[in-house]
file target_31.tsv (TSV, C-alpha atoms)
chain	number	residue	atom	x	y	z
M	1	MET	CA	0.00	0.00	0.00
M	2	ASP	CA	1.24	3.50	-0.71
M	3	ASP	CA	0.15	6.99	0.26
M	4	GLY	CA	0.73	8.43	-3.21
M	5	ALA	CA	-1.53	8.88	-6.20
M	6	GLY	CA	-1.50	5.22	-7.27
M	7	PRO	CA	-4.12	2.63	-6.30
M	8	ARG	CA	-3.79	1.34	-2.75
M	9	TRP	CA	-5.94	-1.72	-3.10
M	10	THR	CA	-6.26	-4.59	-5.53
M	11	ALA	CA	-9.55	-4.63	-7.44
M	12	GLY	CA	-11.43	-7.72	-6.32
M	13	GLY	CA	-9.70	-7.83	-2.95
M	14	THR	CA	-11.97	-8.72	-0.04
M	15	ALA	CA	-12.04	-8.60	3.74
M	16	LEU	CA	-14.28	-9.81	6.54
M	17	VAL	CA	-14.81	-7.05	9.10
M	18	ILE	CA	-16.87	-6.06	12.13
M	19	THR	CA	-17.93	-2.46	11.76
M	20	VAL	CA	-17.89	-0.17	14.79
M	21	PRO	CA	-19.99	2.90	13.88
M	22	GLU	CA	-19.83	4.06	17.50
M	23	ALA	CA	-16.14	4.89	16.91
M	24	ASP	CA	-16.83	7.45	14.18
M	25	PRO	CA	-17.83	10.34	16.48
M	26	LEU	CA	-14.69	9.73	18.55
M	27	VAL	CA	-11.98	9.04	15.97
M	28	GLY	CA	-13.60	9.47	12.55
M	29	ARG	CA	-11.83	12.75	11.77
M	30	VAL	CA	-8.42	11.32	12.66
M	31	ARG	CA	-9.11	8.15	10.65
M	32	ARG	CA	-10.11	10.16	7.55
M	33	THR	CA	-6.89	12.15	7.86
M	34	TYR	CA	-4.41	9.39	8.72
M	35	ASP	CA	-5.91	6.02	7.73
M	36	PRO	CA	-5.94	5.30	3.96
M	37	GLY	CA	-8.68	2.71	4.46
M	38	ALA	CA	-11.03	5.30	5.95
M	39	ARG	CA	-10.47	7.61	2.98
M	40	ASP	CA	-11.26	4.70	0.68
M	41	GLY	CA	-14.62	3.74	2.15
M	42	VAL	CA	-13.66	1.37	4.96
M	43	PRO	CA	-15.69	2.22	8.08
M	44	ALA	CA	-14.25	2.00	11.58
M	45	HIS	CA	-13.84	-1.73	12.07
M	46	VAL	CA	-12.09	-4.68	13.62
M	47	THR	CA	-10.75	-7.06	10.98
M	48	VAL	CA	-11.81	-10.69	11.16
M	49	LEU	CA	-9.76	-11.71	8.10
M	50	TYR	CA	-7.82	-9.72	5.51
M	51	PRO	CA	-7.26	-10.52	2.77
M	52	PHE	CA	-10.03	-13.02	2.25
M	53	LEU	CA	-10.69	-14.89	-1.00
M	54	PRO	CA	-10.57	-12.90	-4.25
M	55	ALA	CA	-14.05	-11.62	-5.14
M	56	ALA	CA	-14.10	-13.80	-8.28
M	57	ARG	CA	-13.91	-16.90	-6.04
M	58	ILE	CA	-16.80	-15.89	-3.80
M	59	ASP	CA	-19.81	-17.77	-5.10
M	60	ALA	CA	-23.06	-19.03	-3.57
M	61	GLU	CA	-21.23	-21.95	-1.96
M	62	VAL	CA	-18.70	-19.68	-0.21
M	63	LEU	CA	-21.46	-17.31	0.93
M	64	ALA	CA	-23.44	-20.24	2.35
M	65	ALA	CA	-20.34	-21.54	4.16
M	66	LEU	CA	-19.72	-18.09	5.66
M	67	ARG	CA	-23.36	-17.85	6.80
M	68	GLU	CA	-23.12	-21.27	8.45
M	69	LEU	CA	-19.77	-20.46	10.06
M	70	PHE	CA	-20.84	-17.13	11.56
M	71	VAL	CA	-24.27	-18.28	12.76
M	72	ALA	CA	-22.41	-20.77	15.00
M	73	HIS	CA	-20.98	-17.80	16.99
M	74	GLN	CA	-23.13	-15.79	19.36
M	75	PRO	CA	-23.38	-11.97	19.34
M	76	PHE	CA	-21.20	-10.25	21.93
M	77	ALA	CA	-20.30	-6.86	23.37
M	78	LEU	CA	-16.93	-5.18	22.82
M	79	ASP	CA	-15.41	-2.43	24.90
M	80	PHE	CA	-12.58	-0.21	23.67
M	81	THR	CA	-10.91	1.15	26.78
M	82	ALA	CA	-7.39	2.02	25.68
M	83	PHE	CA	-5.14	2.82	22.76
M	84	GLY	CA	-2.44	0.47	21.55
M	85	ARG	CA	0.49	0.83	19.19
M	86	PHE	CA	2.24	-1.29	16.63
M	87	PRO	CA	5.14	0.16	14.66
M	88	GLY	CA	3.46	2.69	12.38
M	89	LEU	CA	-0.07	2.16	13.74
M	90	LEU	CA	-2.22	3.69	16.50
M	91	TRP	CA	-5.28	1.64	17.39
M	92	LEU	CA	-8.08	1.09	19.86
M	93	ALA	CA	-7.88	-2.15	21.83
M	94	PRO	CA	-11.08	-4.26	21.94
M	95	GLU	CA	-11.98	-6.34	24.98
M	96	PRO	CA	-12.71	-9.17	25.25
M	97	ARG	CA	-10.49	-10.41	22.45
M	98	ALA	CA	-11.47	-14.09	22.69
M	99	PRO	CA	-14.65	-13.87	20.56
M	100	LEU	CA	-12.76	-11.92	17.88
M	101	ARG	CA	-9.95	-14.44	17.85
M	102	ALA	CA	-12.51	-17.26	17.65
M	103	LEU	CA	-14.10	-15.72	14.54
M	104	THR	CA	-10.72	-15.28	12.87
M	105	ALA	CA	-9.64	-18.80	13.80
M	106	ALA	CA	-12.87	-20.29	12.43
M	107	VAL	CA	-12.54	-18.53	9.06
M	108	ALA	CA	-8.82	-19.31	8.80
M	109	ALA	CA	-9.47	-22.98	9.62
M	110	ARG	CA	-12.15	-23.20	6.92
M	111	TRP	CA	-9.97	-21.41	4.33
M	112	PRO	CA	-6.36	-22.15	5.35
M	113	GLU	CA	-5.11	-20.76	2.03
M	114	VAL	CA	-5.93	-17.23	3.26
M	115	PRO	CA	-4.21	-16.74	6.64
M	116	PRO	CA	-4.73	-13.38	8.39
M	117	TYR	CA	-2.61	-10.65	6.81
M	118	GLU	CA	-1.09	-13.32	4.53
M	119	GLY	CA	0.66	-14.80	7.59
M	120	ALA	CA	2.84	-11.70	8.04
M	121	PHE	CA	2.03	-11.24	11.75
M	122	GLY	CA	1.58	-14.73	13.16
M	123	ASP	CA	-1.35	-14.36	15.56
M	124	PRO	CA	-2.44	-10.74	14.94
M	125	ALA	CA	-3.96	-8.78	17.82
M	126	PRO	CA	-7.53	-7.65	17.17
M	127	HIS	CA	-7.64	-3.85	16.84
M	128	LEU	CA	-9.47	-0.85	15.40
M	129	THR	CA	-7.03	1.29	13.39
M	130	VAL	CA	-7.06	4.98	14.27
M	131	ALA	CA	-3.97	6.31	12.47
M	132	GLY	CA	-1.13	5.02	10.31
M	133	SER	CA	2.55	5.83	10.00
M	134	ARG	CA	2.04	9.32	8.57
M	135	ALA	CA	0.76	10.35	12.01
M	136	GLU	CA	3.33	8.81	14.35
M	137	GLU	CA	4.43	12.21	15.63
M	138	ALA	CA	0.79	12.92	16.56
M	139	TYR	CA	0.02	9.67	18.41
M	140	ASP	CA	0.49	11.13	21.91
M	141	ALA	CA	-1.73	14.13	21.11
M	142	VAL	CA	-4.43	11.91	19.56
M	143	GLU	CA	-4.46	9.67	22.63
M	144	ARG	CA	-4.74	12.66	24.99
M	145	GLU	CA	-7.51	14.25	22.92
M	146	PHE	CA	-9.68	11.16	22.68
M	147	ALA	CA	-8.97	9.31	25.95
M	148	ALA	CA	-11.90	11.08	27.62
M	149	GLY	CA	-14.23	9.47	25.05
M	150	LEU	CA	-13.32	5.99	26.25
M	151	PRO	CA	-14.63	3.49	27.04
M	152	LEU	CA	-16.44	2.97	23.78
M	153	ARG	CA	-18.92	0.09	23.64
M	154	THR	CA	-20.43	-1.76	20.70
M	155	ARG	CA	-22.53	-4.87	20.23
M	156	VAL	CA	-21.27	-7.25	17.58
M	157	ALA	CA	-24.18	-8.92	15.82
M	158	GLY	CA	-22.64	-9.69	12.44
M	159	VAL	CA	-19.63	-9.79	10.15
M	160	HIS	CA	-19.45	-7.91	6.86
M	161	LEU	CA	-17.83	-8.98	3.61
M	162	VAL	CA	-16.36	-5.92	1.88
M	163	VAL	CA	-14.91	-5.83	-1.64
M	164	SER	CA	-12.50	-3.39	-3.24
M	165	ASP	CA	-13.00	-2.03	-6.74
M	166	GLY	CA	-9.37	-0.87	-6.68
M	167	ALA	CA	-10.17	2.58	-5.32
M	168	ARG	CA	-13.00	2.16	-2.79
M	169	TRP	CA	-14.35	-0.59	-0.54
M	170	HIS	CA	-18.01	-1.62	-0.78
M	171	LEU	CA	-20.27	-3.78	1.38
M	172	ARG	CA	-21.18	-7.00	-0.42
M	173	GLU	CA	-22.82	-9.13	2.27
M	174	THR	CA	-23.60	-9.20	5.98
M	175	PHE	CA	-23.57	-12.42	7.97
M	176	PRO	CA	-25.49	-12.39	11.29
M	177	LEU	CA	-24.00	-14.05	14.33
M	178	GLY	CA	-26.07	-16.59	16.25
M	179	GLY	CA	-29.30	-18.26	15.38
M	180	PRO	CA	-32.89	-17.06	15.70
M	181	GLY	CA	-33.52	-15.23	18.96
M	182	SER	CA	-29.81	-14.49	19.58
call {"tool": "encode", "arguments": {"input": "target_31.tsv", "output": "structure tokens"}}
result
Amino acid sequence: MDDGAGPRWTAGGTALVITVPEADPLVGRVRRTYDPGARDGVPAHVTVLYPFLPAARIDAEVLAALRELFVAHQPFALDFTAFGRFPGLLWLAPEPRAPLRALTAAVAARWPEVPPYEGAFGDPAPHLTVAGSRAEEAYDAVEREFAAGLPLRTRVAGVHLVVSDGARWHLRETFPLGGPGS
């Protein structure tokens, strides 16, 4: 990915994400400024699996398998109580992490050919990206400014399949968690 004029994403790329619209009032402005994904249509989210299968491979059978996989997991609440940092990334830390890790593990087990982040990070920590490397000098100020808005709480009731057209990300499908009455 680059921050220049060229395309950042591969057309037909996909991801499975949990959107967190409650984060937008808190960190939406910072994300739009410092997170290329936000500028390209990706809402505040926690990634379940990126990259997922190429869009051309996602057919009715894959969609049915995803529906079946996600309905086996119950909805849950997430709290974001603190910021975290990776080299070049400021993020909000979700708690509890176990249900997020379980979703990622289930998808990765079903499609082992698409490990999280192409296997680059081993067992990646669930997170909600706030700012990328272009903002490292501002991380302390961002944390101070937004710490009063924490904790942030969301209810996770589904996982979204998003697809890139090469410039923007678009919602393709939503998969509810849990069965009827969840």
call {"tool": "residues_around", "arguments": {"input": "target_31.tsv", "residues": "M:Arg31", "least_positions_apart": "4", "cutoff": "8 Å", "atoms": "all atoms listed in the file", "output": "number ranges by chain"}}
result
M: 27, 35-36, 38-39, 129-131
call {"tool": "closest_residue", "arguments": {"input": "target_31.tsv", "among": "M:Asp79, M:Glu118, M:Glu68, M:Glu22", "to": "M:Leu49", "atoms": "all atoms listed in the file"}}
result
M:Glu118
call {"tool": "closest_residue", "arguments": {"input": "target_31.tsv", "among": "M:Leu171, M:Val114, M:Ala106, M:Ile18", "to": "M:Ala65", "atoms": "all atoms listed in the file"}}
result
M:Ala106
call {"tool": "residues_around", "arguments": {"input": "target_31.tsv", "residues": "M:Val156", "least_positions_apart": "4", "cutoff": "10 Å", "atoms": "only C-alpha atoms", "output": "list in words"}}
result
Ile18, Thr19, Val20, Gln74, Pro75, Phe76, Ala77, Leu78, Pro99, Leu100, Pro176 and Leu177 of chain M
call {"tool": "closest_residue", "arguments": {"input": "target_31.tsv", "among": "M:His127, M:Trp91, M:Pro51, M:Arg110", "to": "M:Gly13", "atoms": "only C-alpha atoms"}}
result
M:Pro51
call {"tool": "residues_around", "arguments": {"input": "target_31.tsv", "residues": "M:Val30", "least_positions_apart": "2", "cutoff": "12 Å", "atoms": "only C-alpha atoms", "output": "compact mmCIF listing (two decimals) with C-alpha atoms, keeping the file's coordinate frame"}}
result
# COMPACT_ATOMS: atom_id res chain seq x y z
CA ALA M 23 -16.14 4.89 16.91
CA ASP M 24 -16.83 7.45 14.18
CA PRO M 25 -17.83 10.34 16.48
CA LEU M 26 -14.69 9.73 18.55
CA VAL M 27 -11.98 9.04 15.97
CA GLY M 28 -13.60 9.47 12.55
CA ARG M 32 -10.11 10.16 7.55
CA THR M 33 -6.89 12.15 7.86
CA TYR M 34 -4.41 9.39 8.72
CA ASP M 35 -5.91 6.02 7.73
CA PRO M 36 -5.94 5.30 3.96
CA GLY M 37 -8.68 2.71 4.46
CA ALA M 38 -11.03 5.30 5.95
CA ARG M 39 -10.47 7.61 2.98
CA ALA M 44 -14.25 2.00 11.58
CA LEU M 90 -2.22 3.69 16.50
CA TRP M 91 -5.28 1.64 17.39
CA THR M 129 -7.03 1.29 13.39
CA VAL M 130 -7.06 4.98 14.27
CA ALA M 131 -3.97 6.31 12.47
CA GLY M 132 -1.13 5.02 10.31
CA ARG M 134 2.04 9.32 8.57
CA ALA M 135 0.76 10.35 12.01
CA ALA M 138 0.79 12.92 16.56
CA TYR M 139 0.02 9.67 18.41
CA ALA M 141 -1.73 14.13 21.11
CA VAL M 142 -4.43 11.91 19.56
CA GLU M 143 -4.46 9.67 22.63
CA GLU M 145 -7.51 14.25 22.92
CA PHE M 146 -9.68 11.16 22.68
call {"tool": "closest_residue", "arguments": {"input": "target_31.tsv", "among": "M:Val71, M:Val107, M:Val163, M:Ala148", "to": "M:Pro54", "atoms": "all atoms listed in the file"}}
result
M:Val163
call {"tool": "residues_around", "arguments": {"input": "target_31.tsv", "residues": "M:Ile58", "least_positions_apart": "5", "cutoff": "12 Å", "atoms": "all atoms listed in the file", "output": "ChimeraX atom specification"}}
result
/M:12-15,52-53,63-66,111,161-163,172-173
call {"tool": "residues_around", "arguments": {"input": "target_31.tsv", "residues": "stretch 122-126 of chain M", "least_positions_apart": "4", "cutoff": "8 Å", "atoms": "all atoms listed in the file", "output": "MDAnalysis selection string"}}
result
chainID M and resid 46:48 93:94 97 100:101 116
call {"tool": "residues_near_point", "arguments": {"input": "target_31.tsv", "point": "(-27.2, -13.4, 11.8)", "cutoff": "8 Å", "atoms": "only C-alpha atoms", "output": "ChimeraX atom specification"}}
result
/M:67,70-71,157-158,175-180
call {"tool": "closest_residue", "arguments": {"input": "target_31.tsv", "among": "M:Asp165, M:His73, M:Thr154, M:His160", "to": "M:Ala98", "atoms": "only C-alpha atoms"}}
result
M:His73
